[in-house]
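Worksheet for the structure shown next.
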Amino acid sequence: MVDTEIICIFVGIIGNFISLGLLACAVPTFSKIAMNNSVRGLKLVYHLAMTLSSLFWVLYGMPFIHRGFIPVLTSNGIILATQLAYLTISLVYANDNKQRMYVGGVFLIELVVFGLAIGLVIRQSPTSKTREEVAGVFCIVSYALILVPEALCVVELQKTGSVENVQTRNLVGNMLYRLCWTIYASFKYDVFLGAVNFSGFLFGVFHIKVYDVYYKRYAKSGVEKKLETAEVQV
């Protein structure tokens with residue numbers, strides 16, 4: 001039989017490659033923002049929530065909380081770097097100073113919250129098991145904050161029926177990312193990692209399904225418009 005630790009290492013490597021892929025998917029967005037000199041359309045609330053969640057998952061993967069969770073640490077480190085890049089470019093190309101103050105202010109609050117969380121984990125948690133539980137609760141709460149802007153994106157898609165602004169590569173990448181770490185958590189018997197990523201995977205499947213429904217309608221309406229134009233020309 002294959003050792004479960006080898007499987008975890010293999011899955012962890014895949015998870016890190018997916019994280020790098022998500023970073024690569026963000027590069028065209030960065031270029032577009034730089035060319036347009038505007039962050040219009042960028043979901044700042046989502047990226048701020050992702051930044052806080054990534055900070056807590058980096059903490060969760062630290063050796064003093066989890067031994068053998070280095071793949072979780074490095075993968076979320078890549079995601080954190082991606083989100084910090086989003087925040088940096090949003091500060092540089094913000095539409096106005098009010099938007100800069102909003103992004104900078106919320107990020108500073110997140111750093112304060114993260115610092116307090118570290119203090120709570122280290123000082124009030126004498127054993128590694130307690131540290132794991134406390135850090136895990138922070139991870140779940142921060143993930144719940146991500147669900148709000150993600151749900152709003154689905155609602156907006158259902159309201160407008162427009163799929164032009166939906167980044168399909170990110171949707172698929174996020175779903176595969178969640179699936180990968182769900183598998184990793186199942187072999188590690190980690191409740192916190194498994195619960196967050198499995199729920200994220202299910203939401204990703206739902207989001208893609210909604211996108212597929214409206215994409216077909218959008219494509220169908222596009223074909224009908226072309227036919228109408230051709231009939232008029234005739």
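Naming scheme: A, B, ... for chains in displayed order of the structure tokens; residues 1 onward per chain; ligands 1 onward as shown.
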Within 8 Å of region 78-91 of chain A, counting only C-alpha atoms, which residues show up once you throw out same-chain ones fewer than 3 positions away? Write them as a VMD selection string, please. chain A and resid 16 19 to 20 22 to 23 26 30 33 39 44 47 to 48 50 to 51 54 to 55 74 to 75 94 99 to 100 103 to 104
Polymer residues at most 10 Å from region 129-146 of chain A, only C-alpha atoms, same-chain spacing of 3 or more positions, as a ChimeraX atom specification: /A:45-62,64-66,114,117-118,120-126,149-151,190-193,195-197,199-200
So which residues touch region 6-9 of chain A within 12 Å, counting only C-alpha atoms, skipping near sequence neighbours fewer than 5 positions away, as an MDAnalysis selection string? chainID A and resid 1 14:16 68:72 180:189
Keeping N, CA, C and O atoms for every residue in the selection just given, could you write it to a file as an mmCIF file, in the first residue's frame?
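Ended up saving to result-v1.cif:
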```
data_model
loop_
_atom_site.group_PDB
_atom_site.id
_atom_site.type_symbol
_atom_site.label_atom_id
_atom_site.label_comp_id
_atom_site.auth_asym_id
_atom_site.auth_seq_id
_atom_site.Cartn_x
_atom_site.Cartn_y
_atom_site.Cartn_z
ATOM 1 N N MET A 1 0.827 -1.211 0.000
ATOM 2 C CA MET A 1 0.000 0.000 0.000
ATOM 3 C C MET A 1 0.860 1.260 0.000
ATOM 4 O O MET A 1 1.962 1.263 0.537
ATOM 5 N N ILE A 14 0.715 19.501 -5.646
ATOM 6 C CA ILE A 14 -0.297 19.909 -6.625
ATOM 7 C C ILE A 14 -0.992 21.190 -6.162
ATOM 8 O O ILE A 14 -1.211 22.120 -6.950
ATOM 9 N N GLY A 15 -1.328 21.241 -4.861
ATOM 10 C CA GLY A 15 -1.976 22.425 -4.307
ATOM 11 C C GLY A 15 -1.123 23.670 -4.460
ATOM 12 O O GLY A 15 -1.639 24.764 -4.759
ATOM 13 N N ASN A 16 0.198 23.530 -4.290
ATOM 14 C CA ASN A 16 1.096 24.671 -4.456
ATOM 15 C C ASN A 16 1.196 25.105 -5.913
ATOM 16 O O ASN A 16 1.280 26.302 -6.208
ATOM 17 N N GLY A 68 4.392 19.234 10.004
ATOM 18 C CA GLY A 68 4.095 18.514 8.778
ATOM 19 C C GLY A 68 3.065 19.181 7.899
ATOM 20 O O GLY A 68 2.551 18.569 6.964
ATOM 21 N N PHE A 69 2.755 20.449 8.182
ATOM 22 C CA PHE A 69 1.790 21.186 7.373
ATOM 23 C C PHE A 69 2.474 22.256 6.528
ATOM 24 O O PHE A 69 1.862 23.266 6.185
ATOM 25 N N ILE A 70 3.722 22.024 6.167
ATOM 26 C CA ILE A 70 4.474 22.982 5.367
ATOM 27 C C ILE A 70 3.805 23.258 4.019
ATOM 28 O O ILE A 70 3.769 24.416 3.571
ATOM 29 N N PRO A 71 3.253 22.224 3.319
ATOM 30 C CA PRO A 71 2.558 22.528 2.060
ATOM 31 C C PRO A 71 1.407 23.514 2.232
ATOM 32 O O PRO A 71 1.169 24.361 1.363
ATOM 33 N N VAL A 72 0.689 23.415 3.356
ATOM 34 C CA VAL A 72 -0.403 24.358 3.639
ATOM 35 C C VAL A 72 0.169 25.757 3.828
ATOM 36 O O VAL A 72 -0.382 26.749 3.329
ATOM 37 N N CYS A 180 -8.332 20.021 -3.915
ATOM 38 C CA CYS A 180 -7.007 19.498 -3.570
ATOM 39 C C CYS A 180 -6.790 19.473 -2.060
ATOM 40 O O CYS A 180 -6.375 18.461 -1.492
ATOM 41 N N TRP A 181 -7.113 20.593 -1.394
ATOM 42 C CA TRP A 181 -6.871 20.658 0.046
ATOM 43 C C TRP A 181 -7.929 19.916 0.856
ATOM 44 O O TRP A 181 -7.696 19.558 2.006
ATOM 45 N N THR A 182 -9.074 19.646 0.244
ATOM 46 C CA THR A 182 -10.048 18.757 0.888
ATOM 47 C C THR A 182 -9.494 17.342 0.957
ATOM 48 O O THR A 182 -9.602 16.657 1.984
ATOM 49 N N ILE A 183 -8.881 16.915 -0.149
ATOM 50 C CA ILE A 183 -8.250 15.585 -0.181
ATOM 51 C C ILE A 183 -7.110 15.523 0.825
ATOM 52 O O ILE A 183 -6.959 14.540 1.569
ATOM 53 N N TYR A 184 -6.294 16.560 0.848
ATOM 54 C CA TYR A 184 -5.169 16.624 1.798
ATOM 55 C C TYR A 184 -5.665 16.518 3.231
ATOM 56 O O TYR A 184 -5.112 15.763 4.042
ATOM 57 N N ALA A 185 -6.721 17.270 3.547
ATOM 58 C CA ALA A 185 -7.272 17.264 4.909
ATOM 59 C C ALA A 185 -7.848 15.910 5.284
ATOM 60 O O ALA A 185 -7.766 15.488 6.446
ATOM 61 N N SER A 186 -8.420 15.197 4.298
ATOM 62 C CA SER A 186 -9.008 13.883 4.599
ATOM 63 C C SER A 186 -7.942 12.873 4.992
ATOM 64 O O SER A 186 -8.177 12.003 5.833
ATOM 65 N N PHE A 187 -6.763 12.985 4.414
ATOM 66 C CA PHE A 187 -5.670 12.081 4.778
ATOM 67 C C PHE A 187 -4.996 12.503 6.081
ATOM 68 O O PHE A 187 -4.436 11.671 6.789
ATOM 69 N N LYS A 188 -5.051 13.802 6.373
ATOM 70 C CA LYS A 188 -4.461 14.314 7.606
ATOM 71 C C LYS A 188 -5.453 14.313 8.773
ATOM 72 O O LYS A 188 -5.081 14.628 9.906
ATOM 73 N N TYR A 189 -6.713 13.973 8.481
ATOM 74 C CA TYR A 189 -7.786 13.980 9.489
ATOM 75 C C TYR A 189 -7.889 15.347 10.170
ATOM 76 O O TYR A 189 -8.022 15.445 11.383
#
```
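Minimum atom-to-atom distance to Met175 (chain A), evaluated using only C-alpha atoms, belongs to A:Ile18 out of A:Gly115, A:Tyr211, A:Ile18, A:Val106.
As for CA of Gln158 (chain A) and CA of Lys43 (chain A), they are spaced 17.1 Å apart.
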Could you please write out, as a ChimeraX atom specification, every residue of region 4-181 of chain A that DSSP assigns to alpha helix (DSSP H)? /A:4-36,44-60,70-92,97-123,128-160,168-181
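When only C-alpha atoms are used to compute distances to Arg169 (chain A), the closest of the residues A:Cys153, A:Met35, A:Val112, A:Ile208 turns out to be A:Ile208.
With CA of Val172 (chain A) on one side and CA of Val92 (chain A) on the other, the separation reads 28.6 Å.
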